[in-house]
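Asker: Below are the structure tokens for one structure; questions will follow.
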Amino acid sequence: MSIAASETVQQASGTMSLAWLLFALPAFGALVLLLGGRRTNSWGHILGVLTVVAAFAVGLVLFFTSLGAPPDQRTLNLHLFDWIDVGSLQVEFGMRLDPLSMVFVLLITGVGALIHIYSIGYMDDDRDRRRFFGYLNLFVFSMLILVLGNSFITLYLGWEGVGLASYLLIGWYSDRRSAATASKKAFLMNRVGDVGLAIAIFLLWANLGSTQYTEVFARAGQLSPGTATAIALLLLLGACGKSGQFPLQAWLPDAMEGPTPVSALIHAATMVTAGVYLVARSNPIFDLTETGRLVVTLIGAFTLLLGCIVGCAYDDIKKVLAYSTVSQIGYMMLGVGLGPFGYALGIIHLLAHGFFKAGLFLGAGSIMHAMNDEVDMRKFGGLWRKLPITFVTFGLGYLALIGFPFLSGYYTKDAIIEAAFGAGGWRGWVFGLAGAIGAALTAFYMTRLMLMTFFGKSRWKELRSADDREFHPHEAKPVMWVPMVLLAIGSLGAGAFFVLGDRVVNYLSPTLGRLSTAESHPIPELLITIGTLVLAAIGVLVAWLIFGRAKDIPAQRPENVSGIVRAARKDLYGNALNEALIARPGIWLDRFLVWLDNKGVDGLVNGTAALFGGSSGRLRRLQTGFVRSYALSMLAGGVILIGALLMVRYA
Amino acid sequence: MTTPASLPDIDYAGVAPVLIILGAACIGVLLEAFVPRSQRWAVQVVLSLLAIVVAAIALGAYLYTGPQNTSTFAGSIALDRPALFLWGTLLALGLGSILLIADRVVEPGGAFVAQAGIRPGTMLDKEQANRSSMQTEVFPLALFSLAGMMIFCSANDLLSMFVALEVLSLPLYLMCGLARRRRLLSQEAAVKYFLLGAFASAFFLYGVALLYGYANSVKLADIANAAGGTNRSDALLFLGMGLLLIGLLFKGSVGPFHTWTPDVYQGAPTPMTAFMGACTKVAAFGAILRVLMVAFGSTHWEWQTIMWVVAGISMLLGAILGITQTDVKRMIAYSSVAHAGFLLVGVLALDGSGIRATLFYLISYGFTTIAAFGVVSLVRDGTGESTSLSSWAGLGKRSPLLAGIFTFLLLALAGIPLTSGFVSKFVVFAAGMSAGITPLVVLGLIASTIAAFFYLRVIVLMYFSEPAADGPTVTLPGMYTTAAITLGTLVTLLLGVYPSFMLDWAGTGGFVV
């Protein structure tokens, strides 16, 4: 059943052997910028941009070379060096150049280059701009390692690298306490996912003796069904951590504490989609396990609804966009969870989303730039006159996201909803309806965002920003709006370009297998498309009825709201859940162990001493010494150890 | 009937590295008596470094002749591959430690007390703190201890092992108490270490006695043979093994026998903490590996589950207790308890890949530790080293290079790829996985995730916090400390990027029986 198992992998040669330049360039940039110190302050940002633009150029050359080759020769392996080469332990450091990694390379370096350029303007007044570009380059480098590596180990290397870069960048504004907390949270929740990924890698290692993609995928059939499911679920845990999927979604909205270009590049377009990449990349493993795929779709469907619902309640423009990202990645997960019916669809939606969501975030950055870094939409309003370019580019991103006919999202999201309906039985109905309802909710919260920001009364005129300045919105410099315009063109046409004529589906087929289509749908396909559009239109209409009809939006958040709004404002208790499941028991365990370490053993000694001595004076004197309690704990440990040894022997 | 005692054959070429270090230590003692005080430091430093280099050359020359796995001193000292690898490791780490000990720039006069006999807290004591000399006996003591460690991890019978244990421990107890500053804390650490060490030695010795009673021999191989076919009670065997292990686990600071570690790491002079953290760990785990595989390998079905539990406890204790520490040295101490648990995973694989993984882990962890303590010794305020974590806030802004190096070392301890820490965790867990101890590997991954949190906290502190106004300064290191930190950091990077050659060396052979 696995089509990829019969793939042929050839050694890269000629132009393709230049692929190492892809990550060498940003690595060089990061090294120079981070080690170069203040000397590089004046030209550091230029170098940062150039390395990524050059990497994009290399990516384009490689892409067209690969396009020129026949489909069965598009999967190439480029050996770089043997990392660990000892007996049975073989870890090669190499690159896998295949359609899947190529499209990611173009997305990362393409969108990455635009965001780098935008950052020149956005970070203009930051005195540490050089370091910022160093971290951005570090991120691009790690992300390219992640998608270009030819084994799960290199993937893990990139996986940790992007985690580190994202963590450094979320905490960028180190004078804000919330930024430090957010970066810590992101790191910790990602680590929970990383444990899953690491265990999955070790399971592959133990069962197949290799982590190389070619080896693993060729022999995935040898895994017992139980092991395959376990590996799939553990990989999914890793994916959930990185991609902000339930139950590890709570870090992503908090990650918006970072500078906006970071939110656009890392927390919308590229890094957070690494989970989708992981599932798509491991498709031969997921093909083996029905249960594994079902769990992926369930998580995707649940997360997409959760993201939509919470997105409706926030007033912080970046958090709304963040929950929108959570929800859109839910769509992608739903797509790749459908297996051969949806791997390619998930990836296509990921690519299109990369464009329009990055555009939306850059737009949000432009608004913040104009509004003294204000993010509360209740203080915006009527901005379309003041920020015409931002309004148009943002508007196109908005239309693409809600699936307006013939824009990006219309093609890519609709395809996933259709495929979901085709899953058959109860699944088709559940996943399909989840996707369709999600479309309506997406239209609602995004329309709300548009209305509150660009239309209505200019509420900012009567308000002052947190640092007590008046608002004087103005359009940003060309270095900022040109990337926005380019991304807007992407939101306009990328979907049609990808989907019409099955361009991307065909291109990806050597990696992801041929896209299957469902035999029958419970409702006709045309009806699904129309139904989704009608639902989205209802969403827009309801939002307009509530927020648009010349009604005044209070600048203060109303507190007297219904239960569901209260729940949504609390992230549907996502934080509370994580707290209860992971943080709280951890703290208790820690307290208990500290108590045991300091007080428990001590108390035992003192208590015993008091019992024998019977005098409080002696008790006080005993309290000054710790050595005996240490010795006692050693003795206790020893007695238990020996007791256990003898018990095992004689039991 | 008695057999006439005959001198056993001695492979002098093989044991030359140990003899050189021991000889140099003896000469060092003589120098203390005859060289004028003003020149002692220079002479001792040259002698110690020279001894280590010559010993390393002797080891290299011996290896060049392509020796077989043999033993010498009538089978008491093993000259097998793991032993020789551990000797090399100990010499390399010893070199780094001696460099840290020798530094007199960071703390004028060195980290060691000028005159150990002065009572702490008196006027004389305040005066000695500013004197630019140090108790140079530290150098021969360190060499004695180093030689003891080398014998400890190559001893093939329990009595030699016990003697080596004392040779390595007694100088350590003494040197722990020789800090120039905060002398009460230092002396308290020394007394604690001594008392608990003596306690652990007693366990060890009692274990040896019981095992002798069981096997009628103290040779590891004879114990293994006896376990195969004897009608004596197994209670003797397992009781003896348990007691013996307590002594060994204590030295390796494996939880729950770790209680001394944080106090002693904190109180001891930092170069000594580095020496203990790196070299003692190597010696202890070298011995644990040998004892478990050679003497008790044949009965592993009976005890391995229990050791899994011990390893698990150690990982979790170290990782969880590390979170609440507020002192850098204590934090690294708890981290070393967690690392001891990870090391045990490699040991408990009980096969060739386990040996290789453990040996690799020891050398990479040792170098990272030395460099880390080197960095710790540079962050100072008016009263000496400033090890309280709160005073490390904003270090990234004051001294970007130092903070960068420390970040790298912390990432290595956390096991992030492209550092030696990742490769060592990977090989250890891979060995555990293929030996079928999956639950322990999973636990190890979880524990290393928890531990990553407290390394991260330090990074957060250094980069994302504002420096305190009256915070510590970063002293510019002298040549020796710079060399030690550079050495440790470079090896950490090298073994992370290109580990194959070291894994090759570590995996060339098993233990001689």
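As shown in the structure tokens, the chain order sets the letters A, B, ...; within each chain, residues go from 1, and ligands are also counted from 1 in the order they appear.
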Would you list the contacts of B:Phe422 as a list in words, taking every protein, DNA or RNA residue within 8 Å and counting only C-alpha atoms, but skipping same-chain residues closer than 6 positions in sequence?
Answerer: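 Once the nearby chain positions are removed, what remains is Ala412, Ala414, Gly415, Ile416 and Gly496 of chain B.
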Asker: What's around B:His300 at 12 Å? Count only C-alpha atoms, leave out sequence neighbours fewer than 2 positions away in its own chain, and write the answer as number ranges by chain.
Answerer: A: 645, 648-649; B: 224, 227-228, 238, 241, 291-298, 302-308, 347-351
Asker: Starting from chain B, keep only residues with some atom at most 7 Å from an atom of chain A, counting only C-alpha atoms, and report them as a PyMOL selection string.
Answerer: chain B and resi 192+196+235+238-239+242+246+256-257+259+302-303+306+320-321+416-417+430+433-434+442+445-446+449+464-465+497-500+503-504
Asker: Grab the residues selected above and save them as a CSV table (one decimal), in the first residue's frame with N, CA, C and O atoms.
Answerer:
chain,number,residue,atom,x,y,z
B,192,LYS,N,32.3,16.6,56.1
B,192,LYS,CA,31.2,15.8,55.6
B,192,LYS,C,31.6,14.7,54.6
B,192,LYS,O,31.2,13.6,54.7
B,196,LEU,N,31.2,10.8,55.5
B,196,LEU,CA,30.4,10.0,54.6
B,196,LEU,C,31.2,9.0,53.8
B,196,LEU,O,30.8,7.9,53.6
B,235,ALA,N,23.0,-15.8,49.6
B,235,ALA,CA,22.8,-14.6,50.4
B,235,ALA,C,24.1,-13.9,50.6
B,235,ALA,O,24.2,-12.6,50.6
B,238,PHE,N,24.8,-11.9,47.3
B,238,PHE,CA,24.0,-10.7,47.1
B,238,PHE,C,24.2,-9.6,48.2
B,238,PHE,O,24.1,-8.4,47.9
B,239,LEU,N,24.3,-10.1,49.4
B,239,LEU,CA,24.6,-9.2,50.5
B,239,LEU,C,25.9,-8.5,50.2
B,239,LEU,O,26.0,-7.2,50.3
B,242,GLY,N,25.6,-6.0,47.3
B,242,GLY,CA,24.9,-4.8,47.7
B,242,GLY,C,25.8,-3.9,48.4
B,242,GLY,O,25.8,-2.7,48.1
B,246,ILE,N,27.1,-0.1,47.2
B,246,ILE,CA,26.9,1.1,48.0
B,246,ILE,C,28.1,2.0,47.9
B,246,ILE,O,28.1,3.2,47.7
B,256,PRO,N,20.2,7.0,45.5
B,256,PRO,CA,20.0,7.9,46.7
B,256,PRO,C,21.3,8.0,47.5
B,256,PRO,O,21.2,8.3,48.7
B,257,PHE,N,22.4,7.7,46.9
B,257,PHE,CA,23.7,7.8,47.7
B,257,PHE,C,24.4,9.1,47.4
B,257,PHE,O,25.7,9.1,47.5
B,259,THR,N,23.8,12.2,48.7
B,259,THR,CA,23.5,13.3,49.6
B,259,THR,C,24.7,14.2,49.8
B,259,THR,O,24.6,15.4,50.1
B,302,GLU,N,19.5,-11.7,38.3
B,302,GLU,CA,19.0,-11.5,39.6
B,302,GLU,C,18.9,-10.1,40.1
B,302,GLU,O,18.2,-9.7,41.0
B,303,TRP,N,19.8,-9.3,39.5
B,303,TRP,CA,19.9,-7.9,40.1
B,303,TRP,C,19.6,-6.8,39.2
B,303,TRP,O,19.5,-5.6,39.6
B,306,ILE,N,16.8,-4.3,39.8
B,306,ILE,CA,17.0,-3.4,41.0
B,306,ILE,C,17.9,-2.2,40.6
B,306,ILE,O,17.7,-1.0,40.9
B,320,ILE,N,14.9,16.6,39.3
B,320,ILE,CA,13.8,17.4,40.0
B,320,ILE,C,14.4,18.3,41.0
B,320,ILE,O,14.0,19.4,41.2
B,321,LEU,N,15.3,17.8,41.8
B,321,LEU,CA,15.9,18.6,42.9
B,321,LEU,C,16.7,19.7,42.3
B,321,LEU,O,16.9,20.8,42.9
B,416,ILE,N,21.7,19.0,23.8
B,416,ILE,CA,21.2,19.5,22.6
B,416,ILE,C,22.1,19.1,21.5
B,416,ILE,O,23.3,19.1,21.7
B,417,PRO,N,21.6,18.8,20.3
B,417,PRO,CA,22.5,18.3,19.2
B,417,PRO,C,23.6,19.3,18.9
B,417,PRO,O,23.5,20.5,19.1
B,430,ALA,N,20.8,4.6,23.1
B,430,ALA,CA,20.7,3.6,22.0
B,430,ALA,C,21.2,2.2,22.5
B,430,ALA,O,20.6,1.2,22.2
B,433,MET,N,18.5,0.9,24.7
B,433,MET,CA,17.4,0.5,23.8
B,433,MET,C,17.6,-0.9,23.2
B,433,MET,O,16.8,-1.8,23.3
B,434,SER,N,18.9,-1.1,22.7
B,434,SER,CA,19.1,-2.4,22.0
B,434,SER,C,19.3,-3.5,23.1
B,434,SER,O,19.2,-4.7,22.7
B,442,VAL,N,13.0,5.6,28.3
B,442,VAL,CA,11.9,6.5,28.3
B,442,VAL,C,12.0,7.5,29.5
B,442,VAL,O,11.9,8.7,29.4
B,445,LEU,N,14.7,10.0,29.0
B,445,LEU,CA,14.3,11.1,28.1
B,445,LEU,C,13.5,12.1,28.9
B,445,LEU,O,13.6,13.3,28.7
B,446,ILE,N,12.6,11.5,29.7
B,446,ILE,CA,11.7,12.4,30.5
B,446,ILE,C,12.6,13.2,31.5
B,446,ILE,O,12.4,14.5,31.6
B,449,THR,N,14.4,15.9,29.9
B,449,THR,CA,13.6,17.1,29.6
B,449,THR,C,13.4,18.0,30.9
B,449,THR,O,13.4,19.2,30.8
B,464,PHE,N,18.1,37.4,29.7
B,464,PHE,CA,16.8,38.1,29.7
B,464,PHE,C,16.6,38.8,31.0
B,464,PHE,O,15.5,39.3,31.3
B,465,SER,N,17.6,38.9,31.9
B,465,SER,CA,17.3,39.7,33.1
B,465,SER,C,18.3,40.9,33.1
B,465,SER,O,19.4,40.8,32.6
B,497,VAL,N,30.4,17.3,17.1
B,497,VAL,CA,30.4,17.4,15.6
B,497,VAL,C,31.0,16.1,15.0
B,497,VAL,O,30.5,15.6,14.0
B,498,TYR,N,32.1,15.7,15.5
B,498,TYR,CA,32.8,14.6,14.9
B,498,TYR,C,33.1,13.5,16.0
B,498,TYR,O,34.3,13.4,16.4
B,499,PRO,N,32.1,12.8,16.5
B,499,PRO,CA,32.4,11.9,17.6
B,499,PRO,C,32.9,10.5,17.2
B,499,PRO,O,33.3,9.8,18.1
B,500,SER,N,33.0,10.2,15.9
B,500,SER,CA,33.2,8.9,15.5
B,500,SER,C,34.6,8.3,16.0
B,500,SER,O,34.7,7.2,16.5
B,503,LEU,N,34.4,7.4,19.6
B,503,LEU,CA,33.6,6.2,19.8
B,503,LEU,C,34.3,5.0,19.4
B,503,LEU,O,34.2,3.9,20.0
B,504,ASP,N,35.1,5.2,18.3
B,504,ASP,CA,36.0,4.1,17.9
B,504,ASP,C,36.9,3.6,18.9
B,504,ASP,O,37.1,2.5,19.3
Asker: Can you pull out the residues contacting A:Val505? Cut-off 12 Å, using only C-alpha atoms, and skip same-chain residues under 2 positions away; I want them as number ranges by chain.
Answerer: A: 99-100, 103, 340-349, 412, 415, 497-503, 507-517
Asker: Write the selection just made, keeping N, CA, C and O atoms, as a compact mmCIF listing (two decimals), in the first residue's frame?
Answerer:
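See result08.txt below for the written result:
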# COMPACT_ATOMS: atom_id res chain seq x y z
N PRO A 99 10.78 16.31 -3.70
CA PRO A 99 9.77 17.37 -3.87
C PRO A 99 9.29 17.97 -2.56
O PRO A 99 9.14 19.19 -2.45
N LEU A 100 9.07 17.11 -1.54
CA LEU A 100 8.55 17.65 -0.28
C LEU A 100 9.52 18.65 0.33
O LEU A 100 9.14 19.75 0.75
N VAL A 103 9.71 22.04 -1.78
CA VAL A 103 8.67 23.07 -1.60
C VAL A 103 8.86 23.78 -0.26
O VAL A 103 8.64 24.99 -0.15
N PRO A 340 -3.39 8.83 2.49
CA PRO A 340 -3.18 9.05 1.06
C PRO A 340 -4.22 9.99 0.45
O PRO A 340 -3.97 10.58 -0.60
N PHE A 341 -5.36 10.16 1.12
CA PHE A 341 -6.37 11.07 0.59
C PHE A 341 -5.99 12.53 0.85
O PHE A 341 -6.58 13.42 0.26
N GLY A 342 -5.04 12.75 1.77
CA GLY A 342 -4.89 14.14 2.18
C GLY A 342 -3.49 14.65 2.42
O GLY A 342 -3.32 15.84 2.68
N TYR A 343 -2.44 13.79 2.35
CA TYR A 343 -1.09 14.28 2.62
C TYR A 343 -0.82 15.54 1.81
O TYR A 343 -0.43 16.59 2.32
N ALA A 344 -1.03 15.41 0.47
CA ALA A 344 -0.69 16.52 -0.42
C ALA A 344 -1.57 17.73 -0.12
O ALA A 344 -1.10 18.87 -0.16
N LEU A 345 -2.85 17.47 0.22
CA LEU A 345 -3.75 18.60 0.49
C LEU A 345 -3.29 19.39 1.70
O LEU A 345 -3.30 20.64 1.70
N GLY A 346 -2.88 18.66 2.74
CA GLY A 346 -2.38 19.33 3.94
C GLY A 346 -1.18 20.21 3.60
O GLY A 346 -1.08 21.36 4.04
N ILE A 347 -0.26 19.68 2.79
CA ILE A 347 0.95 20.43 2.44
C ILE A 347 0.59 21.65 1.59
O ILE A 347 1.15 22.74 1.78
N ILE A 348 -0.36 21.49 0.68
CA ILE A 348 -0.72 22.63 -0.18
C ILE A 348 -1.33 23.74 0.67
O ILE A 348 -1.02 24.92 0.52
N HIS A 349 -2.21 23.35 1.60
CA HIS A 349 -2.80 24.36 2.47
C HIS A 349 -1.71 25.04 3.30
O HIS A 349 -1.75 26.25 3.53
N THR A 412 -7.51 25.74 -1.27
CA THR A 412 -6.78 24.77 -0.46
C THR A 412 -7.61 24.26 0.72
O THR A 412 -7.57 23.09 1.05
N ALA A 415 -10.50 22.00 -0.45
CA ALA A 415 -10.08 20.64 -0.82
C ALA A 415 -10.01 19.75 0.41
O ALA A 415 -10.41 18.58 0.37
N PHE A 497 -2.75 28.79 -8.34
CA PHE A 497 -1.57 28.28 -9.03
C PHE A 497 -1.23 26.86 -8.57
O PHE A 497 -0.91 25.99 -9.37
N PHE A 498 -1.34 26.63 -7.24
CA PHE A 498 -0.98 25.32 -6.71
C PHE A 498 -1.98 24.25 -7.15
O PHE A 498 -1.62 23.14 -7.49
N VAL A 499 -3.28 24.60 -7.08
CA VAL A 499 -4.30 23.57 -7.18
C VAL A 499 -4.72 23.30 -8.62
O VAL A 499 -4.88 22.14 -9.02
N LEU A 500 -4.89 24.37 -9.41
CA LEU A 500 -5.41 24.16 -10.76
C LEU A 500 -4.41 23.32 -11.55
O LEU A 500 -3.21 23.58 -11.55
N GLY A 501 -4.91 22.33 -12.21
CA GLY A 501 -4.04 21.43 -12.97
C GLY A 501 -3.23 20.51 -12.07
O GLY A 501 -2.31 19.86 -12.52
N ASP A 502 -3.60 20.46 -10.79
CA ASP A 502 -2.92 19.56 -9.83
C ASP A 502 -1.42 19.71 -9.85
O ASP A 502 -0.67 18.74 -9.71
N ARG A 503 -0.93 20.93 -10.04
CA ARG A 503 0.51 21.13 -10.18
C ARG A 503 1.27 20.56 -8.98
O ARG A 503 2.15 19.72 -9.14
N TYR A 507 3.58 17.20 -8.47
CA TYR A 507 4.98 17.38 -8.14
C TYR A 507 5.35 16.60 -6.89
O TYR A 507 6.43 16.01 -6.79
N LEU A 508 4.43 16.59 -5.92
CA LEU A 508 4.75 15.94 -4.65
C LEU A 508 4.60 14.43 -4.70
O LEU A 508 5.03 13.73 -3.78
N SER A 509 3.99 13.90 -5.75
CA SER A 509 3.63 12.49 -5.73
C SER A 509 4.83 11.54 -5.52
O SER A 509 4.65 10.49 -4.91
N PRO A 510 6.05 11.87 -5.98
CA PRO A 510 7.13 10.93 -5.67
C PRO A 510 7.38 10.75 -4.18
O PRO A 510 7.84 9.70 -3.75
N THR A 511 7.11 11.78 -3.37
CA THR A 511 7.34 11.67 -1.94
C THR A 511 6.10 11.17 -1.19
O THR A 511 6.19 10.33 -0.31
N LEU A 512 4.97 11.75 -1.54
CA LEU A 512 3.78 11.50 -0.72
C LEU A 512 2.86 10.46 -1.34
O LEU A 512 1.81 10.15 -0.81
N GLY A 513 3.26 9.91 -2.47
CA GLY A 513 2.38 8.94 -3.12
C GLY A 513 1.31 9.66 -3.91
O GLY A 513 1.09 10.86 -3.75
N ARG A 514 0.65 8.92 -4.79
CA ARG A 514 -0.39 9.57 -5.59
C ARG A 514 -1.57 9.91 -4.70
O ARG A 514 -1.92 9.15 -3.79
N LEU A 515 -2.16 11.06 -4.93
CA LEU A 515 -3.30 11.48 -4.11
C LEU A 515 -4.52 10.66 -4.49
O LEU A 515 -4.91 10.61 -5.65
N SER A 516 -5.09 10.00 -3.48
CA SER A 516 -6.30 9.23 -3.76
C SER A 516 -7.51 10.15 -3.61
O SER A 516 -7.47 11.10 -2.84
N THR A 517 -8.55 9.85 -4.31
CA THR A 517 -9.78 10.60 -4.09
C THR A 517 -10.86 9.63 -3.66
O THR A 517 -10.86 8.47 -4.06
Asker: Give me the residues near stretch 62-76 of chain B as a ChimeraX atom specification, where near means some atom within 8 Å (using only C-alpha atoms) and where sequence neighbours in that chain fewer than 2 positions away do not count.
Answerer: /B:8-11,13-14,58-60,78-81,155-157,160,219,511-512
Asker: Can you list, as a VMD selection string, all residues belonging to stretch 78-289 of chain B that DSSP tags as alpha helix (DSSP H)?
Answerer: chain B and resid 81 to 102 123 to 129 138 to 152 158 to 176 183 to 215 220 to 228 234 to 251 260 to 267 270 to 275 281 to 289
Asker: For atom CA of B:Leu90 and atom CA of B:Arg182, quote the distance in Å rounded to one decimal.
Answerer: 29.0 Å
Asker: Enter the distance from atom CA of A:Gly422 to atom CA of A:Ala440, in Å, rounded to one decimal.
Answerer: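 Value for the atom CA of A:Gly422-atom CA of A:Ala440 distance: 19.8 Å.
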Asker: Find the spatial neighbours of A:Gly365, counting only C-alpha atoms, within a cut-off of 12 Å - ignore same-chain residues fewer than 2 positions away - and output them as a short mmCIF file (atom, residue, chain, number, x, y, z; two decimals) with N, CA and C atoms, in the first residue's frame.
Answerer:
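After the write, result_39.cif holds the following:
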data_model
loop_
_atom_site.label_atom_id
_atom_site.label_comp_id
_atom_site.auth_asym_id
_atom_site.auth_seq_id
_atom_site.Cartn_x
_atom_site.Cartn_y
_atom_site.Cartn_z
N ILE A 115 10.44 38.47 4.88
CA ILE A 115 10.30 38.92 6.27
C ILE A 115 11.60 39.52 6.77
N TYR A 118 11.49 43.04 5.49
CA TYR A 118 10.53 43.80 6.29
C TYR A 118 11.13 44.18 7.64
N SER A 119 11.91 43.25 8.21
CA SER A 119 12.47 43.50 9.54
C SER A 119 13.46 44.66 9.54
N GLY A 121 13.02 47.45 8.28
CA GLY A 121 12.22 48.62 8.68
C GLY A 121 11.65 48.47 10.07
N TYR A 122 11.11 47.28 10.36
CA TYR A 122 10.38 47.11 11.61
C TYR A 122 11.30 47.24 12.82
N MET A 123 12.53 46.74 12.69
CA MET A 123 13.44 46.75 13.83
C MET A 123 14.40 47.94 13.78
N MET A 256 3.31 35.31 20.90
CA MET A 256 3.16 36.59 20.19
C MET A 256 3.86 37.73 20.91
N GLY A 258 6.87 37.96 21.08
CA GLY A 258 8.05 38.28 20.28
C GLY A 258 7.74 39.38 19.28
N PRO A 259 8.80 39.93 18.66
CA PRO A 259 8.58 40.94 17.62
C PRO A 259 7.71 40.37 16.51
N THR A 260 6.93 41.23 15.84
CA THR A 260 5.96 40.74 14.87
C THR A 260 6.57 39.99 13.69
N PRO A 261 7.73 40.41 13.14
CA PRO A 261 8.29 39.61 12.05
C PRO A 261 8.54 38.16 12.49
N VAL A 262 8.89 37.99 13.77
CA VAL A 262 9.10 36.64 14.28
C VAL A 262 7.79 35.88 14.29
N SER A 263 6.72 36.56 14.73
CA SER A 263 5.42 35.89 14.72
C SER A 263 5.07 35.47 13.30
N ALA A 264 5.41 36.33 12.34
CA ALA A 264 5.05 36.03 10.96
C ALA A 264 5.85 34.85 10.43
N ILE A 317 -4.98 41.84 18.56
CA ILE A 317 -4.99 41.47 17.15
C ILE A 317 -4.03 40.31 16.87
N LYS A 318 -2.87 40.32 17.54
CA LYS A 318 -1.91 39.24 17.26
C LYS A 318 -2.39 37.92 17.83
N LEU A 321 -4.87 36.40 15.49
CA LEU A 321 -4.17 35.78 14.37
C LEU A 321 -3.48 34.49 14.82
N ALA A 358 1.54 34.96 6.77
CA ALA A 358 2.69 35.84 6.93
C ALA A 358 2.29 37.26 6.55
N GLY A 359 1.52 37.38 5.45
CA GLY A 359 1.05 38.70 5.03
C GLY A 359 0.20 39.34 6.10
N LEU A 360 -0.72 38.56 6.71
CA LEU A 360 -1.58 39.12 7.75
C LEU A 360 -0.75 39.60 8.94
N PHE A 361 0.24 38.81 9.32
CA PHE A 361 1.06 39.22 10.46
C PHE A 361 1.87 40.46 10.15
N LEU A 362 2.43 40.52 8.93
CA LEU A 362 3.19 41.72 8.58
C LEU A 362 2.25 42.92 8.59
N GLY A 363 1.01 42.70 8.14
CA GLY A 363 0.03 43.78 8.20
C GLY A 363 -0.22 44.21 9.63
N ILE A 367 0.34 47.82 11.39
CA ILE A 367 -0.64 48.55 12.21
C ILE A 367 -0.03 48.92 13.56
N MET A 368 0.67 47.94 14.17
CA MET A 368 1.29 48.24 15.45
C MET A 368 2.34 49.33 15.31
N HIS A 369 3.07 49.28 14.22
CA HIS A 369 4.08 50.29 13.95
C HIS A 369 3.43 51.67 13.89
N ALA A 370 2.26 51.70 13.28
CA ALA A 370 1.56 52.98 13.13
C ALA A 370 0.91 53.42 14.42
N MET A 371 0.60 52.48 15.30
CA MET A 371 -0.22 52.79 16.49
C MET A 371 0.57 52.63 17.79
N ASN A 372 1.80 53.03 17.81
CA ASN A 372 2.62 52.97 19.04
C ASN A 372 2.62 51.59 19.68
N ASP A 373 2.74 50.54 18.87
CA ASP A 373 2.80 49.16 19.36
C ASP A 373 1.55 48.72 20.12
N GLU A 374 0.43 49.35 19.82
CA GLU A 374 -0.81 48.95 20.47
C GLU A 374 -1.34 47.70 19.77
N VAL A 375 -1.86 46.72 20.55
CA VAL A 375 -2.41 45.53 19.92
C VAL A 375 -3.90 45.35 20.22
N THR A 390 -1.65 48.95 3.80
CA THR A 390 -1.85 47.89 4.77
C THR A 390 -3.26 47.34 4.65
N PHE A 394 -3.74 43.54 3.75
CA PHE A 394 -4.35 42.79 4.85
C PHE A 394 -5.69 42.23 4.39
N GLU A 475 1.32 55.37 7.25
CA GLU A 475 1.76 54.19 6.51
C GLU A 475 3.26 53.99 6.70
N ALA A 476 3.68 52.73 6.66
CA ALA A 476 5.09 52.43 6.89
C ALA A 476 5.92 52.71 5.66
N MET A 480 9.01 48.14 4.33
CA MET A 480 8.03 47.30 5.01
C MET A 480 6.86 46.94 4.10
N TRP A 481 6.35 47.91 3.33
CA TRP A 481 5.14 47.54 2.61
C TRP A 481 5.39 46.75 1.34
N MET A 484 4.90 43.24 2.03
CA MET A 484 3.49 42.98 2.26
C MET A 484 2.75 42.83 0.94
#
Asker: Quick one: everything within 10 Å of B:Pro108, counting only C-alpha atoms, minus sequence neighbours fewer than 5 positions away in the same chain. Send it as a short mmCIF file (atom, residue, chain, number, x, y, z; two decimals) with N, CA, C and O atoms, in the first residue's frame.
Answerer:
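Writing the result to around-v6.cif gives the following:
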data_model
loop_
_atom_site.label_atom_id
_atom_site.label_comp_id
_atom_site.auth_asym_id
_atom_site.auth_seq_id
_atom_site.Cartn_x
_atom_site.Cartn_y
_atom_site.Cartn_z
N ASP B 103 45.87 28.11 38.47
CA ASP B 103 45.63 29.52 38.16
C ASP B 103 45.79 30.40 39.40
O ASP B 103 45.26 30.12 40.47
N ALA B 129 44.12 35.53 53.28
CA ALA B 129 43.30 35.58 52.08
C ALA B 129 43.90 36.49 51.03
O ALA B 129 43.69 36.31 49.84
N ASN B 130 44.64 37.49 51.51
CA ASN B 130 45.21 38.43 50.54
C ASN B 130 46.67 38.12 50.20
O ASN B 130 47.30 38.85 49.46
N ARG B 131 47.20 37.05 50.79
CA ARG B 131 48.58 36.71 50.48
C ARG B 131 48.63 36.04 49.11
O ARG B 131 47.71 35.35 48.71
N SER B 132 49.74 36.25 48.41
CA SER B 132 49.77 35.74 47.04
C SER B 132 50.47 34.39 46.94
O SER B 132 51.06 34.06 45.93
N SER B 133 50.41 33.60 48.00
CA SER B 133 50.96 32.25 47.90
C SER B 133 49.85 31.25 48.17
O SER B 133 48.77 31.61 48.60
N MET B 134 50.13 30.00 47.90
CA MET B 134 49.13 28.99 48.22
C MET B 134 49.81 27.75 48.77
O MET B 134 51.01 27.58 48.65
#
